[in-house]
Each structure stands twice: as C-alpha cells, then as structure tokens.
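Colleague: Have a look at this one.
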Amino acid sequence: MSDVPQQPSKQGIAYLVGAGPGDAGLLTLRGRDLLARADVVIYDYLCNPDHLDHVRPEAEIIYAGKSGGNHTLTQDQINALIVEKVRAGGTVVRLKGGDPFVFGRGGEEAQELVAAGLAFEVVPGITSAIAAPAYAGIPITHRDFASGFTVLTGHEDPTKENSAIDWEALARFKGTKVVLMGVERLRAVSGALLAHGADPATPAALVRWGTWGKQETLAATLGTLADEAEARGFKAPAVTVIGGVVSLRGELNWFETRPLFGQRIVVTRTRAQAGVLSSRLRELGADILEIPTIRIEPVPVSDGAWDDFSGRFDWLLLTSPNAADFFFDRFLERHGDIRALGPVKIAVVGPGTAARVRARALGIARQPQVFTSEALAAAFAEEEVRGKRFAFPHGDLAGEGLPETLRALGGVVTEWILYRTVPETEDRRGTRRRFEEEGASWITFASSSAAENWHRLGLAHPPGLRIASMGPVTSATLRKLGYEVAVEAAESTISGLIEALLKSGKTAEKESIQ
Ligand code: SAH
C-alpha cells in the first residue's frame with residue numbers, strides 16, 4: 001500500500017463568475033483563481049476572451065455567446081449544459097459579462113443548480129452599468145447631480161400595456177438612470193420618459209463597448225439621443241446613461257483622451273516579449289489585438305540517457321526558459337525526484353532561464369555577463385572542457401554555436417531536441433478573427449523572427465494597416481518579405497517602439513478603423 005492518501009472522488013461545483021465589463025484588468029482575483037482551477041469554462045459574448053489566458057490548457061472551453069438575436073445556445077441549453085458538467089464532477093466556471101446577477105439571467109442559472117441539488121457559488125463582477133459610464137468620464141452619482149441611481153432593462157417594450165416598469169415614477173426619479181440592453185429600443189425608452197414629463201434637456205449618453213479599447217461614446221440630451229444614435233448608426237452593446245452626471249464628462253473624460261485611444265494595434269506575440277508591449281500600449285489607450293504566431297510543441301524523446309542521467313554528465317546546459325521547463329518537467333515525469341540529477345553542474349544564459357532553475361531549488365554554477373550562448377561558450381576555459389560531458393537539451397531553433405565550440409575544445413556534448421516551434425493555428429481568444437473582420441491601424445514587430453512567423457501565418461494584409469518595426473534588422477527582414485515599414489523605433493527597445501507609435505499615432509487616420 002502506498003502511504004500517499006487517495007483523492008476522494010471529486011464533487012462538481014459551479015461558479016457563477018462575473019467577468020467584469022471588458023477591460024482585462026477588471027476581473028476579480030477570486031474570478032482569476034477559479035478560472036485557473038476550472039475543468040470547464042462556459043463563457044459569453046460580452047466576456048473579454050483575454051480572461052481565457054488564465055485557464056489551464058487541458059480545460060474545456062465552451063462559447064455560449066449570444067450577440068443580438070444570434071444565439072449559439074439557448075438559455076435552456078446553457079442551463080442543461082452547466083448541470084451536466086457539474087454532475088460529471090467538474091469544476092465549472094460560468095463566466096458572465098459584468099456582474100452575473102445584473103440581468104443576463106444569472107439568477108435563473110443559479111435556480112437550475114439548486115433544483116438539481118448541485119453546489120454553486122457566486123463571484124460578483126464589476127457591472128457595465130457603472131463601469132462603462134466611469135470609463136466615459138461619467139460618475140454614476142455626484143453630490144451636485146444625483147444622490148441615487150437606477151438600472152433598468154431596455155428590453156421591456158414601454159408601449160406595451162402592462163409594462164413591468166413604472167415609467168411615471170421613473171420620469172419623476174431624480175437620480176441617474178442607466179439602461180442596459182435594447183439600444184434598438186432607445187427611442188421608445190426616451191419617448192416614454194419624455195411622455196411622462198422628463199425634461200428633454202437632461203444630459204444623456206450612450207457608451208458602447210465600455211472599458212474595452214474599442215469604446216465609443218455619444219453624448220447628447222434625452223430629447224436628441226435617439227436621433228443622434230440613429231444618424232451615427234450606434235449599435236449594441238451599449239449602456240444608456242441619463243442624468244445631470246453626464247455633463248461631467250467634459251471635465252472627467254480620462255480614458256478616451258489617452259494618446260493612442262481609437263487606434264487598433266496588432267501585437268505579434270513572441271515568448272521574449274511576454275505581453276509587456278501590449279500592456280503598455282493598452283495603458284496608452286490603444287485597442288490591442290494580441291495575435292500569437294507560434295506555438296511550441298513537445299518532441300518525443302526516446303533516449304536511454306534519461307534513465308541514468310546521474311553521474312553521466314558534468315554539466316547541464318540550459319539556454320532558454322522553455323528548454324529549462326521542458327527539461328525539468330520531462331525529467332521529473334521520468335524520475336519523480338529532482339535528486340536523480342545527481343551532482344551535475346548547471347550553466348544558463350539569461351536571467352529568465354536562471355529564474356526557472358532557481359524556482360526548482362537548484363543552484364547555477366555558470367552564467368555569462370552577456371546573455372548569449374556565444375558568451376556562455378566563451379565562459380568555459382579550454383582545460384575545463386576537455387573530456388567533460390555536457391547534456392544540452394534544447395528546441396529545434398537553438399543555434400549550433402555552443403555545442404560546436406565545446407566540441408572543438410574537446411568536450412563531449414549530448415543533445416536532445418525536446419520541443420519545436422510551429423505556426424499557431426488555434427485562435428482561442430478570437431483575436432485573429434477580429435483582425436480579419438475589423439482590420440487594424442498598426443501592426444508591431446519586435447524582432448525578425450516575429451516578422452517571419454507572422455508572414456508564415458499567411459493572413460491578408462488589409463488596406464490601411466501600417467507597420468511599426470523595432471529597428472533596422474527587423475525592418476530589413478520585413479522588406480525582404482515584401483512589407484513596407486511605416487515607422488521604425490529610433491532606439492531598438494520596447495520603449496523606442498512605443499515612442500515611434502506615439503509620434504506617428506498623432507497623425508494616423510482614426511477613420512481607418514471602423
Ligand atoms: N451582467 C451584465 C449585463 C448583461 S445584459 C453586466 O453586469 O454588465 C447585456 C447588456 O449589458 C448589453 O446589452 C449592454 O447594454 C450591457 N453591457 C455589457 N457590457 C457592456 C460594455 N462593456 N459596454 C456597454 N454596455 C455593456
């Protein structure tokens with residue numbers, strides 16, 4: 001008998017989690033933790049798909065989106081699906097836009113779970129009713145304008161005889177009114193308020209895709225909003241805000257005045273960048289489409305050296321964080337104990353790899369001052385290398401330089417290819433689809449390999465899309481591939497690239513994005 005305790009059989013549970021209004025940062029910590037733990041995630045149209053980055057790759061992700069009349073699954077099917085997945089023992093996250101209990105039928109989903117005798121928990125979220133106005137510079141309450149607010153659905157037809165909404169009381173209510181859903185009923189809603197005595201000069205605004213990079217706001221008055229929305233072709237999803245607080249927008253419009261607001265920028269994702277560029281551009285107000293171009297796949301290894309690693313090598317060479325992760329994960333799968341490494345010394349190139357090694361409570365015996373594999377090779381003295389045995393696990397793109405130099409110095413190098421880089425074909429977050437449907441104003445390339453990987457994806461280059469390049473080397477690669485470079489960073493760093501975008505962003509045609 002093993003003394004490792006048996007796992008009790010798993011009880012299923014559903015978490016009704018609010019995804020927040022859109023901005024990827026407006027998800028609760030509890031929501032993020034549950035996404036990371038989920039076996040199944042069922043999400044909606046209004047959830048930012050970036051949240052799916054928190055989900056484990058093995059988890060099942062189901063899109064239950066509804067956009068306008070376009071229902072992928074009916075509410076009954078969604079309810080049945082949640083119940084089925086929880087019954088099967090799954091940890092199910094039902095991710096819903098905004099707050100799960102503010103419209104969107106979260107309450108009904110909870111009732112279904114109760115009826116089925118299943119466990120559930122609710123994780124509130126930031127509702128668009130408050131967040132969308134906030135990002136448009138409209139505080140939902142303010143001492144000078146409103147000491148309360150009411151949130152109602154626009155789905156109710158105000159011309160219906162038995163409307164569930166008391167329009168007369170609502171017209172009299174002095175606080176801020178926020179209407180969710182039913183942009184197409186805006187005329188009927190404002191008409192009902194006016195018919196019951198509301199002042200047509202009351203400031204009113206529509207906020208579309210609030211808190212997203214693609215947010216749009218239309219400010220008018222209760223009397224003119226419907227006409228203006230129609231003239232501009234203003235579409236769902238949007239909230240309507242009615243009340244004196246809307247007039248504060250002129251003073252408090254903090255989000256839409258950011259320097260890159262209204263610019264849609266494609267960031268081609270590479271390992272090295274790790275989202276720094278995206279998050280900085282996002283903070284400058286840009287609408288970011290992060291499109292991964294490459295994926296890393298494990299390569300099967302059938303080398304006996306895995307079995308008796310200990311004592312066979314003097315040095316273990318790790319030249320990238322991926323190489324470290326693939327090596328240690330596979331090694332532990334095989335041996336179950338890091339001590340099977342034996343007394344081998346570890347040499348790394350960069351700080352990222354060093355961190356991965358230290359995270360496994362292992363020390364680093366050698367790291368060059370300059371973070372290149374040539375510098376690592378140079379850090380080994382000839383007399384140190386002669387007759388020594390080096391283990392060098394790496395990916396399919398690692399350079400030949402390091403093993404060649406060590407062999408030339410009389411070392412014995414054993415190499416394994418543990419993973420390979422392939423073009424990304426999945427589009428889990430739908431960013432590639434958005435790019436193909438909506439286009440963009442800019443695409444950024446932070447390296448030659450990013451340019452090559454992008455080119456390999458074979459996506460169409462829409463008119464109006466301009467290229468920002470990290471520097472002369474990247475630009476040369478881009479030109480060789482047949483692209484025209486619009487701007488190049490003066491200094492080849494992320495900050496340099498952002499600087500270049502900011503400079504020409506001022507002159508870019510905002511109309512080029514819809
Ligand atoms: N539970 C959600 C609301 C679901 S009902 C919440 O708390 O926000 C769907 C309606 O919410 C949409 O028709 C739209 O009116 C509004 N909505 C949701 N996200 C929005 C956003 N980012 N910007 C503007 N309106 C949004």
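Letters A, B, ... mark the chains of the structure tokens in the order given; residue numbers begin at 1 per chain; ligand numbers begin at 1, in order shown.
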Based on the backbone DSSP call, show me all residues of segment 364-403 of chain A assigned helix (DSSP H, G or I), as a PyMOL selection string.

Modeller: chain A and resi 373-379+382-385+401-403

Colleague: What residues of the protein or nucleic acid chains come within 9 Å of ligand 1 when you use only C-alpha atoms and all ligand atoms? Reply as a PyMOL selection string.

Modeller: chain A and resi 18-23+46-47+67-68+96-106+125-133+153-155+179-183+206-212+215-216+236-240

Colleague: Restricting the calculation to only C-alpha atoms, which member of A:Gly285, A:Gly107, A:Gly342, A:Gly352 is positioned closest to Asp308 of chain A?

Modeller: A:Gly342

Colleague: Write out as number ranges by chain which residues come within 8 Å of Thr202 of chain A when counting only C-alpha atoms, dropping same-chain ones fewer than 5 positions away.

Modeller: A: 221-223, 242-244

Colleague: Print the selection's residues with N, CA and C atoms to a file, as an mmCIF file, in the first residue's frame.

Modeller:
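What ended up in again.cif:
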data_model
loop_
_atom_site.group_PDB
_atom_site.id
_atom_site.type_symbol
_atom_site.label_atom_id
_atom_site.label_comp_id
_atom_site.auth_asym_id
_atom_site.auth_seq_id
_atom_site.Cartn_x
_atom_site.Cartn_y
_atom_site.Cartn_z
ATOM 1 N N THR A 221 -28.658 64.832 -25.454
ATOM 2 C CA THR A 221 -29.663 65.063 -24.409
ATOM 3 C C THR A 221 -30.735 63.992 -24.571
ATOM 4 N N LEU A 222 -31.581 63.877 -23.573
ATOM 5 C CA LEU A 222 -32.652 62.881 -23.630
ATOM 6 C C LEU A 222 -33.509 63.105 -24.875
ATOM 7 N N GLY A 223 -33.694 64.375 -25.235
ATOM 8 C CA GLY A 223 -34.530 64.694 -26.385
ATOM 9 C C GLY A 223 -33.884 64.346 -27.720
ATOM 10 N N ILE A 242 -28.614 58.443 -18.297
ATOM 11 C CA ILE A 242 -29.457 59.638 -18.366
ATOM 12 C C ILE A 242 -29.377 60.362 -17.021
ATOM 13 N N GLY A 243 -29.025 61.650 -17.076
ATOM 14 C CA GLY A 243 -28.976 62.416 -15.828
ATOM 15 C C GLY A 243 -27.904 63.487 -15.880
ATOM 16 N N GLY A 244 -27.965 64.403 -14.943
ATOM 17 C CA GLY A 244 -27.028 65.523 -14.894
ATOM 18 C C GLY A 244 -25.570 65.108 -14.845
#

Colleague: Compare A:Leu397, A:Leu281, A:Val487, A:Asn253 by their minimum atom-to-atom distance to Ser320 of chain A, counting only C-alpha atoms, and give me the closest one.

Modeller: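 Going through A:Leu397, A:Leu281, A:Val487, A:Asn253 one by one, the smallest distance to Ser320 of chain A is for A:Leu397.
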
Colleague: Would you pick out the contacts of Arg94 of chain A at 8 Å or less, using only C-alpha atoms, so that residues sharing its chain but fewer than 4 positions from it are not included, and give the list as a PyMOL selection string?

Modeller: chain A and resi 14-17+41-43+82

Colleague: For N, CA and C atoms, I'd like the residues from the last selection saved as a CSV table (one decimal), in the first residue's frame.

Modeller:
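Result file is again.csv:
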chain,number,residue,atom,x,y,z
A,14,ALA,N,-20.4,24.6,-9.5
A,14,ALA,CA,-20.5,25.6,-10.5
A,14,ALA,C,-20.2,27.0,-9.8
A,15,TYR,N,-19.3,27.8,-10.5
A,15,TYR,CA,-19.0,29.1,-10.0
A,15,TYR,C,-19.6,30.1,-11.0
A,16,LEU,N,-20.6,30.9,-10.6
A,16,LEU,CA,-21.1,31.9,-11.5
A,16,LEU,C,-20.2,33.1,-11.3
A,17,VAL,N,-19.3,33.4,-12.3
A,17,VAL,CA,-18.3,34.4,-12.1
A,17,VAL,C,-18.6,35.6,-13.0
A,41,VAL,N,-15.0,25.8,-18.7
A,41,VAL,CA,-15.4,27.3,-18.7
A,41,VAL,C,-16.4,27.5,-19.8
A,42,ILE,N,-17.6,28.0,-19.3
A,42,ILE,CA,-18.6,28.4,-20.3
A,42,ILE,C,-18.8,29.9,-20.3
A,43,TYR,N,-18.4,30.5,-21.4
A,43,TYR,CA,-18.4,32.0,-21.4
A,43,TYR,C,-19.3,32.6,-22.4
A,82,ILE,N,-24.6,23.4,-18.0
A,82,ILE,CA,-23.9,23.7,-16.7
A,82,ILE,C,-24.2,22.5,-15.7

Colleague: Would you pick out the contacts of Pro423 of chain A at 10 Å or less, using only C-alpha atoms, so that residues sharing its chain but fewer than 2 positions from it are not included, and give the list as an NGL selection string?

Modeller: :A and (292-296 or 421 or 425-426 or 453-457)

Colleague: Can you list, as a list in words, every protein, DNA or RNA residue that comes within 10 Å of Val301 of chain A when you count only C-alpha atoms, leaving out same-chain residues fewer than 2 positions away?

Modeller: Pro298, Val299, Asp303, Gly304, Trp306, Arg330, Trp416, Ile417, Leu418 and Tyr419 of chain A

Colleague: May I have the residues from that selection written out with N, CA, C and O atoms, as a tab-separated table (two decimals), in the first residue's frame?

Modeller:
chain	number	residue	atom	x	y	z
A	298	PRO	N	5.86	19.68	-27.86
A	298	PRO	CA	6.89	18.75	-27.39
A	298	PRO	C	7.30	17.78	-28.50
A	298	PRO	O	6.48	17.44	-29.36
A	299	VAL	N	8.54	17.39	-28.50
A	299	VAL	CA	9.05	16.38	-29.44
A	299	VAL	C	9.33	15.13	-28.62
A	299	VAL	O	9.98	15.21	-27.57
A	303	ASP	N	15.54	8.45	-25.45
A	303	ASP	CA	16.98	8.26	-25.25
A	303	ASP	C	17.21	7.68	-23.86
A	303	ASP	O	16.72	8.23	-22.87
A	304	GLY	N	17.90	6.59	-23.80
A	304	GLY	CA	18.18	5.93	-22.53
A	304	GLY	C	18.84	6.83	-21.52
A	304	GLY	O	18.75	6.60	-20.31
A	306	TRP	N	18.00	9.43	-20.32
A	306	TRP	CA	17.06	9.94	-19.33
A	306	TRP	C	17.06	9.06	-18.09
A	306	TRP	O	16.81	9.52	-16.99
A	330	ARG	N	10.00	16.97	-18.04
A	330	ARG	CA	10.15	15.60	-18.54
A	330	ARG	C	10.99	14.75	-17.60
A	330	ARG	O	10.73	13.58	-17.38
A	416	TRP	N	19.59	16.87	-27.01
A	416	TRP	CA	18.23	16.38	-27.26
A	416	TRP	C	17.38	17.53	-27.74
A	416	TRP	O	17.42	18.61	-27.16
A	417	ILE	N	16.58	17.29	-28.75
A	417	ILE	CA	15.57	18.29	-29.14
A	417	ILE	C	14.29	17.92	-28.41
A	417	ILE	O	13.71	16.85	-28.63
A	418	LEU	N	13.88	18.79	-27.48
A	418	LEU	CA	12.71	18.48	-26.64
A	418	LEU	C	11.43	19.11	-27.15
A	418	LEU	O	10.34	18.70	-26.79
A	419	TYR	N	11.55	20.16	-27.95
A	419	TYR	CA	10.35	20.83	-28.46
A	419	TYR	C	10.65	21.50	-29.78
A	419	TYR	O	11.81	21.75	-30.12

Colleague: For Ile62 of chain A, please output as a list in words all residues within 12 Å (counting only C-alpha atoms; exclusion window: fewer than 5 positions along the same chain).

Modeller: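 Selected residues are Asp39, Val40, Val41, Ile42, Tyr43, Asp44, Tyr45, Pro49, Leu52, Val55, Thr72, Leu73, Ile78, Leu81, Ile82, Lys85, Val92, Val93, Arg94, Leu95, Arg428 and Arg429 of chain A.
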
Colleague: Those residues you just picked out, can you put them in a file as an mmCIF file, in the first residue's frame with N, CA and C atoms?

Modeller:
data_model
loop_
_atom_site.group_PDB
_atom_site.id
_atom_site.type_symbol
_atom_site.label_atom_id
_atom_site.label_comp_id
_atom_site.auth_asym_id
_atom_site.auth_seq_id
_atom_site.Cartn_x
_atom_site.Cartn_y
_atom_site.Cartn_z
ATOM 1 N N ASP A 39 -12.241 23.001 -14.705
ATOM 2 C CA ASP A 39 -12.179 21.931 -15.706
ATOM 3 C C ASP A 39 -12.950 22.357 -16.952
ATOM 4 N N VAL A 40 -14.006 23.135 -16.702
ATOM 5 C CA VAL A 40 -14.857 23.585 -17.811
ATOM 6 C C VAL A 40 -15.130 25.074 -17.630
ATOM 7 N N VAL A 41 -15.024 25.831 -18.711
ATOM 8 C CA VAL A 41 -15.387 27.253 -18.668
ATOM 9 C C VAL A 41 -16.440 27.497 -19.750
ATOM 10 N N ILE A 42 -17.569 28.047 -19.326
ATOM 11 C CA ILE A 42 -18.630 28.366 -20.290
ATOM 12 C C ILE A 42 -18.764 29.886 -20.291
ATOM 13 N N TYR A 43 -18.438 30.525 -21.397
ATOM 14 C CA TYR A 43 -18.389 31.994 -21.375
ATOM 15 C C TYR A 43 -19.276 32.623 -22.441
ATOM 16 N N ASP A 44 -19.518 33.922 -22.245
ATOM 17 C CA ASP A 44 -20.466 34.670 -23.069
ATOM 18 C C ASP A 44 -19.803 35.634 -24.034
ATOM 19 N N TYR A 45 -20.634 36.160 -24.892
ATOM 20 C CA TYR A 45 -20.239 37.156 -25.898
ATOM 21 C C TYR A 45 -19.555 38.378 -25.285
ATOM 22 N N PRO A 49 -12.252 37.731 -24.073
ATOM 23 C CA PRO A 49 -11.601 36.418 -24.217
ATOM 24 C C PRO A 49 -10.184 36.380 -23.653
ATOM 25 N N LEU A 52 -9.457 34.098 -20.839
ATOM 26 C CA LEU A 52 -9.223 32.665 -21.061
ATOM 27 C C LEU A 52 -7.740 32.313 -20.935
ATOM 28 N N VAL A 55 -6.964 30.172 -18.012
ATOM 29 C CA VAL A 55 -7.498 28.805 -17.988
ATOM 30 C C VAL A 55 -6.404 27.805 -18.366
ATOM 31 N N THR A 72 -25.987 31.192 -29.869
ATOM 32 C CA THR A 72 -25.247 29.965 -30.139
ATOM 33 C C THR A 72 -25.929 28.819 -29.411
ATOM 34 N N LEU A 73 -26.268 29.045 -28.140
ATOM 35 C CA LEU A 73 -27.022 28.058 -27.355
ATOM 36 C C LEU A 73 -28.229 28.791 -26.766
ATOM 37 N N ILE A 78 -28.026 26.162 -22.192
ATOM 38 C CA ILE A 78 -26.928 26.586 -21.309
ATOM 39 C C ILE A 78 -27.150 26.008 -19.910
ATOM 40 N N LEU A 81 -26.436 22.396 -19.873
ATOM 41 C CA LEU A 81 -25.002 22.144 -20.024
ATOM 42 C C LEU A 81 -24.269 22.324 -18.695
ATOM 43 N N ILE A 82 -24.603 23.401 -17.972
ATOM 44 C CA ILE A 82 -23.941 23.652 -16.686
ATOM 45 C C ILE A 82 -24.238 22.479 -15.747
ATOM 46 N N LYS A 85 -22.310 19.289 -16.709
ATOM 47 C CA LYS A 85 -20.872 19.327 -16.419
ATOM 48 C C LYS A 85 -20.590 19.249 -14.917
ATOM 49 N N VAL A 92 -16.825 23.872 -12.651
ATOM 50 C CA VAL A 92 -17.327 24.590 -13.813
ATOM 51 C C VAL A 92 -17.355 26.088 -13.513
ATOM 52 N N VAL A 93 -16.709 26.868 -14.357
ATOM 53 C CA VAL A 93 -16.833 28.317 -14.227
ATOM 54 C C VAL A 93 -17.775 28.814 -15.311
ATOM 55 N N ARG A 94 -18.869 29.390 -14.850
ATOM 56 C CA ARG A 94 -19.802 30.015 -15.780
ATOM 57 C C ARG A 94 -19.446 31.492 -15.773
ATOM 58 N N LEU A 95 -18.734 31.924 -16.810
ATOM 59 C CA LEU A 95 -18.208 33.287 -16.856
ATOM 60 C C LEU A 95 -19.207 34.179 -17.595
ATOM 61 N N ARG A 428 -7.818 30.801 -29.909
ATOM 62 C CA ARG A 428 -8.630 30.598 -28.723
ATOM 63 C C ARG A 428 -9.346 31.876 -28.296
ATOM 64 N N ARG A 429 -8.685 33.009 -28.454
ATOM 65 C CA ARG A 429 -9.255 34.256 -27.979
ATOM 66 C C ARG A 429 -9.959 35.041 -29.078
#

Colleague: Here is a test: counting only C-alpha atoms, which residue of A:Ala286, A:Ile443, A:Ala391, A:Ala408 is nearest to Glu484 of chain A?

Modeller: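 Checking each candidate against Glu484 of chain A, we get A:Ile443 as the closest.
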
Colleague: With DSSP run on the backbone, what are the strand (DSSP E) residues within segment 54-194 of chain A? I'd like them as a list of chain:residue names.

Modeller: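 Filtering segment 54-194 of chain A to strand (DSSP E) leaves A:Glu60, A:Ile61, A:Ile62, A:Tyr63, A:Lys66, A:Ser67, A:Asn70, A:His71, A:Thr91, A:Val92, A:Val93, A:Arg94, A:Leu95, A:Lys96, A:Ala119, A:Phe120, A:Glu121, A:Val122, A:Val123, A:Phe149, A:Thr150, A:Val151, A:Leu152, A:Thr153, A:Thr176, A:Lys177, A:Val178, A:Val179, A:Leu180.
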
Colleague: Taking into account only C-alpha atoms, which residue in the set A:Ser492, A:Gln111, A:Asn162, A:Thr414 is nearest to Phe313 of chain A?

Modeller: A:Thr414

Colleague: Choose the residue, out of A:Ala220, A:Leu194, A:Val241, A:Ile498, that has the smallest atom-to-atom separation from Val151 of chain A; count only C-alpha atoms.

Modeller: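 Among the listed residues, A:Val241 lies closest to Val151 of chain A.
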